[in-house]
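> Contents of input-v7.csv (CSV, C-alpha atoms and all ligand atoms) are given next:
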```csv
chain,number,residue,atom,x,y,z
A,4,MET,CA,80.3,-77.6,0.9
A,5,ARG,CA,83.1,-79.8,2.2
A,6,ARG,CA,80.8,-81.6,4.6
A,7,ARG,CA,78.9,-82.8,1.5
A,8,TRP,CA,75.5,-82.5,3.2
A,9,LEU,CA,73.5,-79.8,1.4
A,10,THR,CA,70.0,-80.0,2.7
A,11,THR,CA,68.8,-79.5,6.3
A,12,GLY,CA,71.2,-81.2,8.7
A,13,PRO,CA,73.9,-80.3,11.2
A,14,GLU,CA,74.4,-76.7,10.1
A,15,ALA,CA,70.7,-75.9,10.4
A,16,LEU,CA,70.5,-77.6,13.8
A,17,ALA,CA,73.5,-75.6,15.0
A,18,PHE,CA,72.0,-72.4,13.6
A,19,GLU,CA,68.8,-73.0,15.4
A,20,LYS,CA,70.5,-73.7,18.7
A,21,GLU,CA,72.7,-70.6,18.4
A,22,PHE,CA,69.8,-68.4,17.4
A,23,ALA,CA,67.7,-69.6,20.3
A,24,ALA,CA,70.6,-68.9,22.6
A,25,VAL,CA,70.8,-65.3,21.5
A,26,LEU,CA,67.1,-64.8,22.2
A,27,GLU,CA,67.5,-66.5,25.5
A,28,SER,CA,70.3,-64.2,26.5
A,29,GLY,CA,68.0,-61.3,26.1
A,30,ALA,CA,65.2,-62.7,28.2
A,31,PRO,CA,64.8,-61.2,31.7
A,32,ASP,CA,62.9,-64.2,33.1
A,33,SER,CA,64.8,-67.5,33.2
A,34,SER,CA,62.0,-69.4,34.8
A,35,LYS,CA,60.1,-69.7,31.5
A,36,ALA,CA,60.2,-72.8,29.3
A,37,PRO,CA,63.3,-72.6,27.0
A,38,ILE,CA,62.9,-70.8,23.7
A,39,GLN,CA,63.3,-73.0,20.7
A,40,ALA,CA,64.1,-72.0,17.1
A,41,ILE,CA,63.0,-73.7,13.9
A,42,SER,CA,64.8,-72.7,10.7
A,43,VAL,CA,62.6,-72.2,7.6
A,44,ASN,CA,63.2,-71.1,4.0
A,45,SER,CA,61.4,-67.7,4.4
A,46,ALA,CA,59.6,-65.6,7.0
A,47,THR,CA,56.5,-66.1,4.8
A,48,ALA,CA,56.7,-69.9,5.3
A,49,GLY,CA,57.4,-69.2,9.0
A,50,LEU,CA,54.3,-67.0,9.4
A,51,ARG,CA,52.1,-69.6,7.7
A,52,LEU,CA,53.5,-72.4,9.9
A,53,ALA,CA,52.9,-70.3,13.0
A,54,LEU,CA,49.4,-69.4,12.1
A,55,GLU,CA,48.6,-73.1,11.3
A,56,ALA,CA,50.1,-74.2,14.6
A,57,VAL,CA,47.9,-71.8,16.6
A,58,GLY,CA,44.9,-73.2,14.8
A,59,VAL,CA,44.0,-70.4,12.4
A,60,GLY,CA,41.7,-71.9,9.8
A,61,PRO,CA,38.8,-71.0,7.5
A,62,GLY,CA,36.6,-68.2,8.6
A,63,ASP,CA,38.9,-67.1,11.5
A,64,TYR,CA,39.8,-63.4,12.1
A,65,VAL,CA,43.4,-62.3,12.4
A,66,ALA,CA,44.4,-58.7,13.0
A,67,VAL,CA,47.4,-57.4,10.9
A,68,PRO,CA,48.6,-53.9,10.3
A,69,SER,CA,47.8,-52.4,6.9
A,70,LEU,CA,51.3,-50.9,6.8
A,71,THR,CA,53.3,-54.0,6.2
A,72,PHE,CA,54.6,-56.3,3.5
A,73,THR,CA,51.8,-58.4,1.9
A,74,ALA,CA,53.2,-61.7,3.4
A,75,THR,CA,51.8,-60.7,6.9
A,76,ALA,CA,48.3,-60.8,5.5
A,77,GLY,CA,48.7,-63.2,2.6
A,78,THR,CA,49.6,-66.1,4.9
A,79,VAL,CA,46.4,-65.5,6.9
A,80,ARG,CA,44.5,-65.8,3.6
A,81,HIS,CA,46.4,-68.9,2.6
A,82,LEU,CA,44.7,-70.6,5.6
A,83,GLY,CA,41.3,-69.4,4.5
A,84,ALA,CA,41.1,-66.8,7.3
A,85,HIS,CA,40.3,-63.1,7.2
A,86,PRO,CA,43.1,-60.6,7.8
A,87,LEU,CA,41.5,-57.5,9.5
A,88,PHE,CA,43.6,-54.4,8.8
A,89,VAL,CA,44.6,-52.3,11.8
A,90,ASP,CA,45.7,-48.6,11.5
A,91,SER,CA,49.2,-47.4,12.5
A,92,LEU,CA,50.5,-45.2,15.2
A,93,GLU,CA,51.6,-41.7,14.1
A,94,ASN,CA,54.8,-42.3,15.9
A,95,GLY,CA,56.7,-45.2,14.3
A,96,GLY,CA,53.9,-46.5,12.1
A,97,THR,CA,53.5,-49.8,14.1
A,98,LEU,CA,50.1,-51.3,14.8
A,99,SER,CA,47.7,-49.0,16.8
A,100,PRO,CA,46.7,-50.7,20.1
A,101,SER,CA,43.6,-48.3,20.4
A,102,HIS,CA,42.4,-49.3,16.9
A,103,LEU,CA,43.0,-52.9,17.8
A,104,GLU,CA,40.9,-52.5,20.9
A,105,GLN,CA,38.0,-51.1,18.9
A,106,MET,CA,38.2,-54.1,16.6
A,107,VAL,CA,38.2,-56.5,19.5
A,108,LEU,CA,35.1,-54.8,21.1
A,109,GLN,CA,33.3,-54.7,17.7
A,110,LEU,CA,33.9,-58.4,17.2
A,111,LYS,CA,32.9,-59.2,20.8
A,112,SER,CA,29.6,-57.4,20.3
A,113,LYS,CA,28.9,-59.9,17.4
A,114,GLY,CA,30.0,-62.9,19.5
A,115,LYS,CA,33.3,-63.2,17.6
A,116,TYR,CA,37.0,-62.8,18.5
A,117,LEU,CA,40.4,-62.5,16.9
A,118,LYS,CA,42.2,-65.9,16.7
A,119,ALA,CA,45.5,-64.1,16.4
A,120,VAL,CA,47.2,-60.7,16.0
A,121,ILE,CA,50.4,-60.2,14.0
A,122,PRO,CA,52.2,-57.1,15.2
A,123,VAL,CA,55.0,-56.1,12.8
A,124,HIS,CA,58.1,-54.5,14.3
A,125,LEU,CA,58.2,-52.1,11.4
A,126,ALA,CA,61.7,-51.0,10.2
A,127,GLY,CA,63.0,-52.7,13.3
A,128,ARG,CA,61.1,-50.6,15.8
A,129,VAL,CA,59.7,-52.9,18.5
A,130,CYS,CA,55.9,-52.7,19.0
A,131,ASP,CA,54.6,-52.1,22.5
A,132,ILE,CA,53.4,-55.7,23.1
A,133,ASN,CA,52.1,-54.9,26.6
A,134,ALA,CA,49.8,-52.2,25.1
A,135,ILE,CA,48.7,-54.8,22.5
A,136,ARG,CA,47.9,-57.4,25.2
A,137,ARG,CA,45.9,-54.7,27.1
A,138,ALA,CA,44.0,-54.0,23.9
A,139,LEU,CA,43.1,-57.7,23.5
A,140,GLY,CA,41.6,-57.8,27.1
A,141,GLU,CA,40.1,-61.1,27.9
A,142,SER,CA,40.1,-62.2,24.2
A,143,PRO,CA,41.9,-65.6,23.8
A,144,THR,CA,44.0,-64.1,21.0
A,145,LEU,CA,47.5,-65.3,20.3
A,146,ILE,CA,50.3,-62.9,19.4
A,147,ILE,CA,52.6,-63.9,16.5
A,148,GLU,CA,55.3,-61.3,16.1
A,149,ASP,CA,56.4,-60.5,12.6
A,150,SER,CA,60.0,-59.8,13.4
A,151,ALA,CA,61.2,-59.8,9.8
A,152,HIS,CA,62.8,-56.4,10.4
A,153,ALA,CA,63.8,-56.8,14.0
A,154,PHE,CA,66.9,-58.9,14.7
A,155,PRO,CA,68.6,-58.3,17.1
A,156,SER,CA,66.2,-55.9,18.9
A,157,ARG,CA,66.8,-56.0,22.6
A,158,THR,CA,64.3,-54.5,25.1
A,159,LYS,CA,64.0,-54.7,28.8
A,160,GLU,CA,61.1,-57.2,28.4
A,161,GLY,CA,63.2,-59.5,26.1
A,162,MET,CA,64.1,-59.6,22.5
A,163,ALA,CA,61.7,-58.9,19.6
A,164,GLY,CA,60.4,-62.3,18.6
A,165,ASP,CA,60.3,-63.5,22.2
A,166,LEU,CA,57.6,-61.0,23.5
A,167,GLY,CA,54.5,-62.8,22.2
A,168,ASP,CA,53.6,-66.5,21.6
A,169,ILE,CA,55.6,-67.0,18.4
A,170,GLY,CA,58.2,-64.9,16.7
A,171,VAL,CA,59.1,-65.1,13.0
A,172,PHE,CA,62.3,-63.7,11.5
A,173,SER,CA,63.4,-63.1,7.9
A,174,PHE,CA,66.8,-63.7,6.5
A,175,TYR,CA,65.9,-62.3,3.0
A,176,ALA,CA,68.8,-60.6,1.2
A,177,THR,CA,68.1,-57.1,2.5
A,178,LYS,CA,67.4,-58.0,6.1
A,179,THR,CA,69.6,-57.2,9.1
A,180,ILE,CA,71.2,-60.7,8.8
A,181,THR,CA,70.7,-62.8,5.8
A,182,THR,CA,71.0,-66.3,4.4
A,183,GLY,CA,70.1,-65.2,0.9
A,184,GLU,CA,66.6,-66.5,1.6
A,185,GLY,CA,65.5,-67.9,4.9
A,186,GLY,CA,63.8,-67.4,8.2
A,187,MET,CA,63.4,-68.6,11.8
A,188,VAL,CA,60.4,-69.3,13.9
A,189,CYS,CA,60.8,-69.1,17.7
A,190,THR,CA,58.5,-70.1,20.5
A,191,ARG,CA,58.5,-71.3,24.1
A,192,ASN,CA,55.3,-73.3,23.6
A,193,PRO,CA,56.2,-77.1,23.1
A,194,ASP,CA,52.9,-77.8,21.3
A,195,PHE,CA,53.4,-75.0,18.8
A,196,LEU,CA,57.0,-76.2,18.4
A,197,GLN,CA,56.0,-79.8,17.7
A,198,ARG,CA,53.4,-78.8,15.1
A,199,ILE,CA,55.7,-76.3,13.3
A,200,SER,CA,58.5,-78.9,13.2
A,201,LEU,CA,56.2,-81.5,11.8
A,202,MET,CA,54.5,-79.2,9.2
A,203,ARG,CA,57.8,-77.7,8.1
A,204,LEU,CA,58.7,-80.8,6.2
A,205,HIS,CA,55.9,-82.8,4.7
A,206,GLY,CA,54.5,-84.0,8.1
A,207,ILE,CA,57.2,-86.6,8.2
A,208,ASP,CA,58.0,-87.9,11.8
A,209,ARG,CA,61.8,-88.2,11.3
A,210,THR,CA,64.1,-85.7,9.7
A,211,VAL,CA,66.3,-86.7,6.8
A,212,TRP,CA,69.4,-86.0,8.9
A,213,ASN,CA,68.1,-88.4,11.6
A,214,ARG,CA,67.5,-91.1,9.0
A,215,TYR,CA,70.6,-90.8,6.8
A,216,GLY,CA,73.0,-88.5,8.6
A,217,ALA,CA,75.0,-88.9,11.9
A,218,ASN,CA,72.4,-91.1,13.6
A,219,ALA,CA,71.4,-93.2,10.7
A,220,GLY,CA,70.4,-96.6,11.9
A,221,HIS,CA,68.3,-99.6,10.7
A,222,ARG,CA,65.9,-98.9,7.8
A,223,PRO,CA,66.6,-95.2,7.2
A,224,TRP,CA,63.9,-95.3,4.5
A,225,GLU,CA,61.2,-96.0,7.1
A,226,TYR,CA,59.1,-93.0,8.2
A,227,ASP,CA,55.5,-92.1,8.9
A,228,ILE,CA,53.4,-89.2,7.6
A,229,GLN,CA,51.4,-87.6,10.5
A,230,ALA,CA,49.9,-84.6,8.7
A,231,PRO,CA,49.8,-83.1,5.2
A,232,GLY,CA,52.9,-80.9,5.8
A,233,ASP,CA,54.6,-78.3,3.7
A,234,LYS,CA,58.2,-78.0,2.3
A,235,CYS,CA,59.7,-75.1,4.2
A,236,ASN,CA,63.1,-76.3,5.5
A,237,LEU,CA,66.3,-74.3,5.4
A,238,PRO,CA,69.2,-76.0,3.6
A,239,ASP,CA,72.5,-76.4,5.4
A,240,LEU,CA,74.2,-74.2,2.7
A,241,CYS,CA,72.0,-71.2,3.9
A,242,ALA,CA,72.3,-72.2,7.6
A,243,ALA,CA,76.1,-72.1,7.3
A,244,ILE,CA,75.9,-68.5,6.0
A,245,GLY,CA,73.4,-67.7,8.8
A,246,ARG,CA,75.8,-69.0,11.5
A,247,VAL,CA,78.5,-66.6,10.3
A,248,GLN,CA,76.0,-63.8,10.0
A,249,LEU,CA,74.8,-64.5,13.6
A,250,GLN,CA,78.3,-64.0,14.9
A,251,ARG,CA,78.4,-60.6,13.2
A,252,ALA,CA,74.9,-59.6,14.2
A,253,ASN,CA,75.8,-57.2,17.1
A,254,HIS,CA,78.5,-55.6,15.0
A,255,LEU,CA,76.2,-55.1,12.0
A,256,HIS,CA,73.5,-53.7,14.4
A,257,GLN,CA,76.0,-51.3,15.9
A,258,GLN,CA,76.9,-50.0,12.5
A,259,ARG,CA,73.3,-49.5,11.5
A,260,LYS,CA,72.7,-47.7,14.8
A,261,ASN,CA,75.6,-45.4,14.3
A,262,LEU,CA,74.5,-44.5,10.8
A,263,ALA,CA,70.9,-43.9,11.9
A,264,HIS,CA,72.3,-41.6,14.6
A,265,LEU,CA,74.3,-39.7,12.0
A,266,TYR,CA,71.1,-39.3,9.9
A,267,LEU,CA,69.3,-38.0,13.0
A,268,LYS,CA,72.1,-35.5,13.7
A,269,TYR,CA,72.3,-34.2,10.2
A,270,LEU,CA,68.6,-33.9,9.7
A,271,GLU,CA,67.6,-32.4,13.1
A,272,ASP,CA,67.5,-28.8,11.8
A,273,LEU,CA,65.3,-29.6,8.9
A,274,PRO,CA,61.7,-29.0,9.9
A,275,GLN,CA,60.4,-30.3,6.6
A,276,VAL,CA,61.6,-33.8,7.5
A,277,GLN,CA,60.1,-35.9,10.3
A,278,CYS,CA,62.7,-38.4,11.4
A,279,PRO,CA,62.0,-41.8,13.1
A,280,GLN,CA,62.5,-41.8,16.9
A,281,ASP,CA,65.5,-43.6,18.4
A,282,ALA,CA,63.3,-46.1,20.3
A,283,GLU,CA,64.6,-48.8,22.7
A,284,GLY,CA,65.9,-51.8,20.8
A,285,HIS,CA,65.5,-50.3,17.4
A,286,ALA,CA,67.1,-52.7,14.8
A,287,TRP,CA,67.4,-49.9,12.3
A,288,HIS,CA,66.6,-52.2,9.4
A,289,LEU,CA,65.2,-49.1,7.7
A,290,PHE,CA,65.5,-45.4,8.2
A,291,ALA,CA,62.2,-44.0,6.9
A,292,ILE,CA,61.6,-40.2,7.0
A,293,ARG,CA,58.2,-38.6,6.7
A,294,LEU,CA,57.6,-35.6,4.3
A,295,LYS,CA,54.7,-33.1,4.0
A,296,ASN,CA,52.7,-34.9,1.3
A,297,GLU,CA,52.8,-37.4,-1.5
A,298,GLU,CA,53.9,-34.9,-4.1
A,299,THR,CA,56.9,-33.8,-2.1
A,300,ARG,CA,57.8,-37.4,-1.3
A,301,ASN,CA,57.7,-38.4,-4.9
A,302,GLN,CA,59.7,-35.2,-6.0
A,303,VAL,CA,62.4,-35.9,-3.4
A,304,SER,CA,62.7,-39.5,-4.4
A,305,GLU,CA,63.0,-38.5,-8.1
A,306,PHE,CA,65.5,-35.8,-7.3
A,307,LEU,CA,67.7,-38.2,-5.3
A,308,GLU,CA,67.4,-40.9,-8.0
A,309,LYS,CA,68.9,-38.5,-10.6
A,310,ARG,CA,71.9,-38.2,-8.2
A,311,GLY,CA,72.3,-42.0,-8.0
A,312,ILE,CA,70.7,-42.2,-4.6
A,313,GLY,CA,68.2,-45.0,-4.3
A,314,THR,CA,65.2,-44.7,-2.0
A,315,SER,CA,62.1,-46.8,-1.3
A,316,VAL,CA,58.7,-46.9,0.4
A,317,HIS,CA,57.9,-49.2,3.3
A,318,PHE,CA,55.1,-49.7,2.7
A,319,ILE,CA,52.2,-48.9,0.4
A,320,PRO,CA,49.4,-49.9,2.8
A,321,LEU,CA,47.8,-53.2,1.9
A,322,HIS,CA,44.3,-51.8,2.0
A,323,THR,CA,45.1,-49.7,-1.1
A,324,MET,CA,46.3,-52.7,-3.2
A,325,SER,CA,43.9,-54.2,-5.8
A,326,TYR,CA,43.6,-57.7,-4.2
A,327,TRP,CA,43.1,-56.5,-0.7
A,328,LYS,CA,40.7,-53.7,-1.7
A,329,ARG,CA,38.6,-56.3,-3.5
A,330,SER,CA,38.6,-58.9,-0.8
A,331,SER,CA,39.2,-57.4,2.7
A,332,LEU,CA,36.5,-56.7,5.2
A,333,ILE,CA,38.0,-53.3,6.3
A,334,GLN,CA,37.2,-49.9,4.9
A,335,ALA,CA,40.0,-47.4,4.0
A,336,GLU,CA,38.3,-44.7,6.2
A,337,THR,CA,39.3,-46.7,9.3
A,338,LEU,CA,42.9,-46.5,8.4
A,339,PRO,CA,43.8,-42.8,8.1
A,340,VAL,CA,47.3,-42.9,9.6
A,341,ALA,CA,48.4,-45.9,7.5
A,342,THR,CA,47.0,-44.2,4.4
A,343,SER,CA,49.0,-41.0,5.0
A,344,LEU,CA,52.2,-42.7,6.1
A,345,GLY,CA,52.0,-44.7,2.8
A,346,CYS,CA,51.9,-41.4,0.9
A,347,GLN,CA,54.5,-39.5,2.9
A,348,SER,CA,57.2,-41.9,4.0
A,349,LEU,CA,60.5,-42.4,2.2
A,350,SER,CA,63.2,-44.9,3.2
A,351,LEU,CA,66.7,-43.5,2.8
A,352,PRO,CA,69.7,-45.7,2.0
A,353,LEU,CA,71.0,-47.6,5.1
A,354,TRP,CA,73.3,-50.6,5.1
A,355,PRO,CA,76.1,-51.6,7.5
A,356,GLY,CA,79.0,-50.8,5.1
A,357,MET,CA,77.8,-47.3,4.5
A,358,GLY,CA,80.2,-44.5,5.5
A,359,LYS,CA,79.8,-41.0,7.0
A,360,LYS,CA,80.5,-39.5,3.6
A,361,GLU,CA,77.6,-41.4,2.0
A,362,ILE,CA,75.2,-40.3,4.8
A,363,LYS,CA,76.3,-36.7,4.1
A,364,ARG,CA,75.7,-37.1,0.4
A,365,VAL,CA,72.2,-38.3,1.0
A,366,THR,CA,71.3,-35.6,3.5
A,367,GLN,CA,72.9,-32.9,1.3
A,368,GLY,CA,70.8,-34.2,-1.6
A,369,LEU,CA,67.7,-34.1,0.6
A,370,ARG,CA,68.4,-30.5,1.5
A,371,GLU,CA,68.8,-29.5,-2.1
A,372,ALA,CA,65.6,-31.4,-3.1
A,373,LEU,CA,63.7,-29.5,-0.4
A,374,ASN,CA,65.5,-26.1,-1.1
A,375,ALA,CA,66.4,-26.1,2.5
B,401,LIG,C1,57.3,-57.2,7.5
B,401,LIG,C2,57.6,-58.4,6.6
B,401,LIG,N1,57.1,-59.6,7.0
B,401,LIG,C3,57.4,-60.7,6.3
B,401,LIG,C4,58.2,-60.6,5.2
B,401,LIG,C5,58.5,-61.9,4.4
B,401,LIG,O1,59.8,-62.3,4.5
B,401,LIG,P1,60.4,-63.4,3.6
B,401,LIG,O2,60.9,-62.7,2.3
B,401,LIG,O3,61.6,-63.9,4.3
B,401,LIG,O4,59.4,-64.4,3.3
B,401,LIG,C6,58.8,-59.4,4.8
B,401,LIG,C7,59.7,-59.4,3.7
B,401,LIG,O5,60.2,-58.3,3.2
B,401,LIG,C8,58.5,-58.3,5.6
B,401,LIG,O6,59.0,-57.1,5.3
```
Could I get this file's structure written as structure tokens?

Amino acid sequence: MRRRWLTTGPEALAFEKEFAAVLESGAPDSSKAPIQAISVNSATAGLRLALEAVGVGPGDYVAVPSLTFTATAGTVRHLGAHPLFVDSLENGGTLSPSHLEQMVLQLKSKGKYLKAVIPVHLAGRVCDINAIRRALGESPTLIIEDSAHAFPSRTKEGMAGDLGDIGVFSFYATKTITTGEGGMVCTRNPDFLQRISLMRLHGIDRTVWNRYGANAGHRPWEYDIQAPGDKCNLPDLCAAIGRVQLQRANHLHQQRKNLAHLYLKYLEDLPQVQCPQDAEGHAWHLFAIRLKNEETRNQVSEFLEKRGIGTSVHFIPLHTMSYWKRSSLIQAETLPVATSLGCQSLSLPLWPGMGKKEIKRVTQGLREALNA
């Protein structure tokens, strides 16, 4: 506020640099081109910019999991392309590489291919990107990671968001780090970077900060329009919050991890509850359990609600939603795992400031709800 520069400027530039440095610090291979981060006002905007940059357009096919937030598929549709829904893995609910492979082969038999695939690191659990690559085979398909749930997820292969061609993060209010609203797009590909930067702000060739800020020179009003861009920039007010959040990210992650481990410990003797696995690099954005069936799930949720314990569902599969049912090319029969996870999963409360007492209260409530 004291700097008196509210829109995208020095804070956003610093946030981008610092965010990219974190991803770089998790990369095993330093011979690659450097990773670059571009701040945006939401992950939804970031996904649309990423899809546009890789050339997704009318009539193209893009594979997305059905078990995700609608933005993953909606952004594909915004560009006139077809999202093709992929089923989930029983273990973790992320996109199934074997179903993806079937899809690739089916398209190939018709002389078609997937322009892109958007694996979602659901709940912060990192997808097996190598298995996804194998499923794609020779297909010239680009991988855009929806990393909305997955900062800071570190794996041996690198950090989530740096495993495919472009990674997109969300800083929405409930995410692992937040700017209120906001997001980040990350890539090592200079062509994608250039296009995303251009399209992020009206297709203007010079940023406002460059024209009127620190480097303001002759004729700051002069600029060129190189494409019909969008308005997706992150204001400095949000970026300033993001920079502080970034410094706390490892601490916040450790807290989430400790709490998730407590849940795992307190629930291990409950056979009626299937817990998420403690996979490598899990960001623990969510802690979603799986129950026997929809009736039990709903009863448990209502029981907990009466005790003042809020729960949620991540997610109701997209292929069951009115719009996608009407307009998608995929049949529900091909998505059995996503369908049952949508009916059986329940996200328990999890936030960094939560205490052991609160975890106990939730697990005790759960036991009572299940008469266990
Ligand atoms: C998996 C997933 N992708 C994308 C988004 C969109 O994020 P944003 O709200 O920053 O646009 C969300 C938001 O909840 C999400 O859960």
> I'd like a table as JSON lines: residues in chain A with an atom no more than 8 Å from ligand LIG 401 (chain B), each row giving the shortest atom pair and its distance in Å to one decimal, only C-alpha atoms and all ligand atoms counted, sorted by chain and rising residue number.

```
{"residue": "A:Asn44", "atom": "CA", "partner": "B:LIG401", "partner_atom": "O3", "distance": 7.4}
{"residue": "A:Ser45", "atom": "CA", "partner": "B:LIG401", "partner_atom": "O3", "distance": 3.8}
{"residue": "A:Ala46", "atom": "CA", "partner": "B:LIG401", "partner_atom": "O3", "distance": 3.8}
{"residue": "A:Thr47", "atom": "CA", "partner": "B:LIG401", "partner_atom": "O4", "distance": 3.7}
{"residue": "A:Ala48", "atom": "CA", "partner": "B:LIG401", "partner_atom": "O4", "distance": 6.4}
{"residue": "A:Gly49", "atom": "CA", "partner": "B:LIG401", "partner_atom": "O4", "distance": 7.7}
{"residue": "A:Leu50", "atom": "CA", "partner": "B:LIG401", "partner_atom": "C3", "distance": 7.7}
{"residue": "A:Thr71", "atom": "CA", "partner": "B:LIG401", "partner_atom": "C1", "distance": 5.3}
{"residue": "A:Phe72", "atom": "CA", "partner": "B:LIG401", "partner_atom": "C2", "distance": 4.8}
{"residue": "A:Thr73", "atom": "CA", "partner": "B:LIG401", "partner_atom": "N1", "distance": 7.5}
{"residue": "A:Ala74", "atom": "CA", "partner": "B:LIG401", "partner_atom": "C3", "distance": 5.2}
{"residue": "A:Thr75", "atom": "CA", "partner": "B:LIG401", "partner_atom": "N1", "distance": 5.4}
{"residue": "A:Val123", "atom": "CA", "partner": "B:LIG401", "partner_atom": "C1", "distance": 5.9}
{"residue": "A:His124", "atom": "CA", "partner": "B:LIG401", "partner_atom": "C1", "distance": 7.4}
{"residue": "A:Leu125", "atom": "CA", "partner": "B:LIG401", "partner_atom": "C1", "distance": 6.5}
{"residue": "A:Asp149", "atom": "CA", "partner": "B:LIG401", "partner_atom": "N1", "distance": 5.7}
{"residue": "A:Ser150", "atom": "CA", "partner": "B:LIG401", "partner_atom": "C1", "distance": 7.0}
{"residue": "A:Ala151", "atom": "CA", "partner": "B:LIG401", "partner_atom": "N1", "distance": 5.0}
{"residue": "A:His152", "atom": "CA", "partner": "B:LIG401", "partner_atom": "C1", "distance": 6.3}
{"residue": "A:Phe172", "atom": "CA", "partner": "B:LIG401", "partner_atom": "O3", "distance": 7.2}
{"residue": "A:Ser173", "atom": "CA", "partner": "B:LIG401", "partner_atom": "O3", "distance": 4.1}
{"residue": "A:Phe174", "atom": "CA", "partner": "B:LIG401", "partner_atom": "O3", "distance": 5.6}
{"residue": "A:Tyr175", "atom": "CA", "partner": "B:LIG401", "partner_atom": "O3", "distance": 4.8}
{"residue": "A:Lys178", "atom": "CA", "partner": "B:LIG401", "partner_atom": "O5", "distance": 7.8}
{"residue": "A:Glu184", "atom": "CA", "partner": "B:LIG401", "partner_atom": "O3", "distance": 6.2}
{"residue": "A:Gly185", "atom": "CA", "partner": "B:LIG401", "partner_atom": "O3", "distance": 5.6}
{"residue": "A:Gly186", "atom": "CA", "partner": "B:LIG401", "partner_atom": "O3", "distance": 5.7}
```
> Residues as selected, C-alpha atoms, written as a PDB file, in the coordinates of the input, can you do that?

```pdb
ATOM      1  CA  ASN A  44      63.200 -71.100   4.000  1.00  0.00           C
ATOM      2  CA  SER A  45      61.400 -67.700   4.400  1.00  0.00           C
ATOM      3  CA  ALA A  46      59.600 -65.600   7.000  1.00  0.00           C
ATOM      4  CA  THR A  47      56.500 -66.100   4.800  1.00  0.00           C
ATOM      5  CA  ALA A  48      56.700 -69.900   5.300  1.00  0.00           C
ATOM      6  CA  GLY A  49      57.400 -69.200   9.000  1.00  0.00           C
ATOM      7  CA  LEU A  50      54.300 -67.000   9.400  1.00  0.00           C
ATOM      8  CA  THR A  71      53.300 -54.000   6.200  1.00  0.00           C
ATOM      9  CA  PHE A  72      54.600 -56.300   3.500  1.00  0.00           C
ATOM     10  CA  THR A  73      51.800 -58.400   1.900  1.00  0.00           C
ATOM     11  CA  ALA A  74      53.200 -61.700   3.400  1.00  0.00           C
ATOM     12  CA  THR A  75      51.800 -60.700   6.900  1.00  0.00           C
ATOM     13  CA  VAL A 123      55.000 -56.100  12.800  1.00  0.00           C
ATOM     14  CA  HIS A 124      58.100 -54.500  14.300  1.00  0.00           C
ATOM     15  CA  LEU A 125      58.200 -52.100  11.400  1.00  0.00           C
ATOM     16  CA  ASP A 149      56.400 -60.500  12.600  1.00  0.00           C
ATOM     17  CA  SER A 150      60.000 -59.800  13.400  1.00  0.00           C
ATOM     18  CA  ALA A 151      61.200 -59.800   9.800  1.00  0.00           C
ATOM     19  CA  HIS A 152      62.800 -56.400  10.400  1.00  0.00           C
ATOM     20  CA  PHE A 172      62.300 -63.700  11.500  1.00  0.00           C
ATOM     21  CA  SER A 173      63.400 -63.100   7.900  1.00  0.00           C
ATOM     22  CA  PHE A 174      66.800 -63.700   6.500  1.00  0.00           C
ATOM     23  CA  TYR A 175      65.900 -62.300   3.000  1.00  0.00           C
ATOM     24  CA  LYS A 178      67.400 -58.000   6.100  1.00  0.00           C
ATOM     25  CA  GLU A 184      66.600 -66.500   1.600  1.00  0.00           C
ATOM     26  CA  GLY A 185      65.500 -67.900   4.900  1.00  0.00           C
ATOM     27  CA  GLY A 186      63.800 -67.400   8.200  1.00  0.00           C
TER      28      GLY A 186
END
```
> How close does region 197-302 of chain A get to region 129-137 of chain A? List, as a Markdown table, each residue of region 197-302 of chain A within 12 Å, its nearest atom pair and the distance in Å to one decimal, counting all atoms listed in the file.

```
| residue | atom | partner | partner_atom | distance |
| --- | --- | --- | --- | --- |
| A:Gln280 | CA | A:Val129 | CA | 11.6 |
| A:Asp281 | CA | A:Val129 | CA | 11.0 |
| A:Ala282 | CA | A:Val129 | CA | 7.9 |
| A:Glu283 | CA | A:Val129 | CA | 7.6 |
| A:Gly284 | CA | A:Val129 | CA | 6.7 |
| A:His285 | CA | A:Val129 | CA | 6.5 |
| A:Ala286 | CA | A:Val129 | CA | 8.3 |
| A:Trp287 | CA | A:Val129 | CA | 10.3 |
| A:His288 | CA | A:Val129 | CA | 11.4 |
```
> How many Å lie between CA of Pro13 (chain A) and CA of Gln250 (chain A), rounded to one decimal?
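So the two atoms, CA of Pro13 (chain A) and CA of Gln250 (chain A), lie 17.3 Å apart.
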> Near Glu298 (chain A), counting all atoms listed in the file, which residues have an atom at most 9 Å away, once you skip same-chain residues fewer than 3 positions from it, shown as a list in words?
Lys295, Asn301, Gln302, Val303, Cys346 and Gln347 of chain A
> Compare A:Gly96, A:Val57, A:Leu369, A:Val107 by their minimum atom-to-atom distance to Leu273 (chain A), counting only C-alpha atoms, and give me the closest one.
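So, comparing all the options, the nearest one is A:Leu369.
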> Between CA of Ala36 (chain A) and CA of Glu55 (chain A), measure the distance and give it in Å to one decimal.
21.4 Å
> Give me the residues near region 333-339 of chain A as a PDB file with C-alpha atoms, keeping the file's coordinate frame, where near means some atom within 8 Å (using all atoms listed in the file) and where sequence neighbours in that chain fewer than 5 positions away do not count.

```
ATOM      1  CA  SER A  69      47.800 -52.400   6.900  1.00  0.00           C
ATOM      2  CA  LEU A  87      41.500 -57.500   9.500  1.00  0.00           C
ATOM      3  CA  PHE A  88      43.600 -54.400   8.800  1.00  0.00           C
ATOM      4  CA  VAL A  89      44.600 -52.300  11.800  1.00  0.00           C
ATOM      5  CA  ASP A  90      45.700 -48.600  11.500  1.00  0.00           C
ATOM      6  CA  SER A  91      49.200 -47.400  12.500  1.00  0.00           C
ATOM      7  CA  HIS A 322      44.300 -51.800   2.000  1.00  0.00           C
ATOM      8  CA  THR A 323      45.100 -49.700  -1.100  1.00  0.00           C
TER       9      THR A 323
END
```
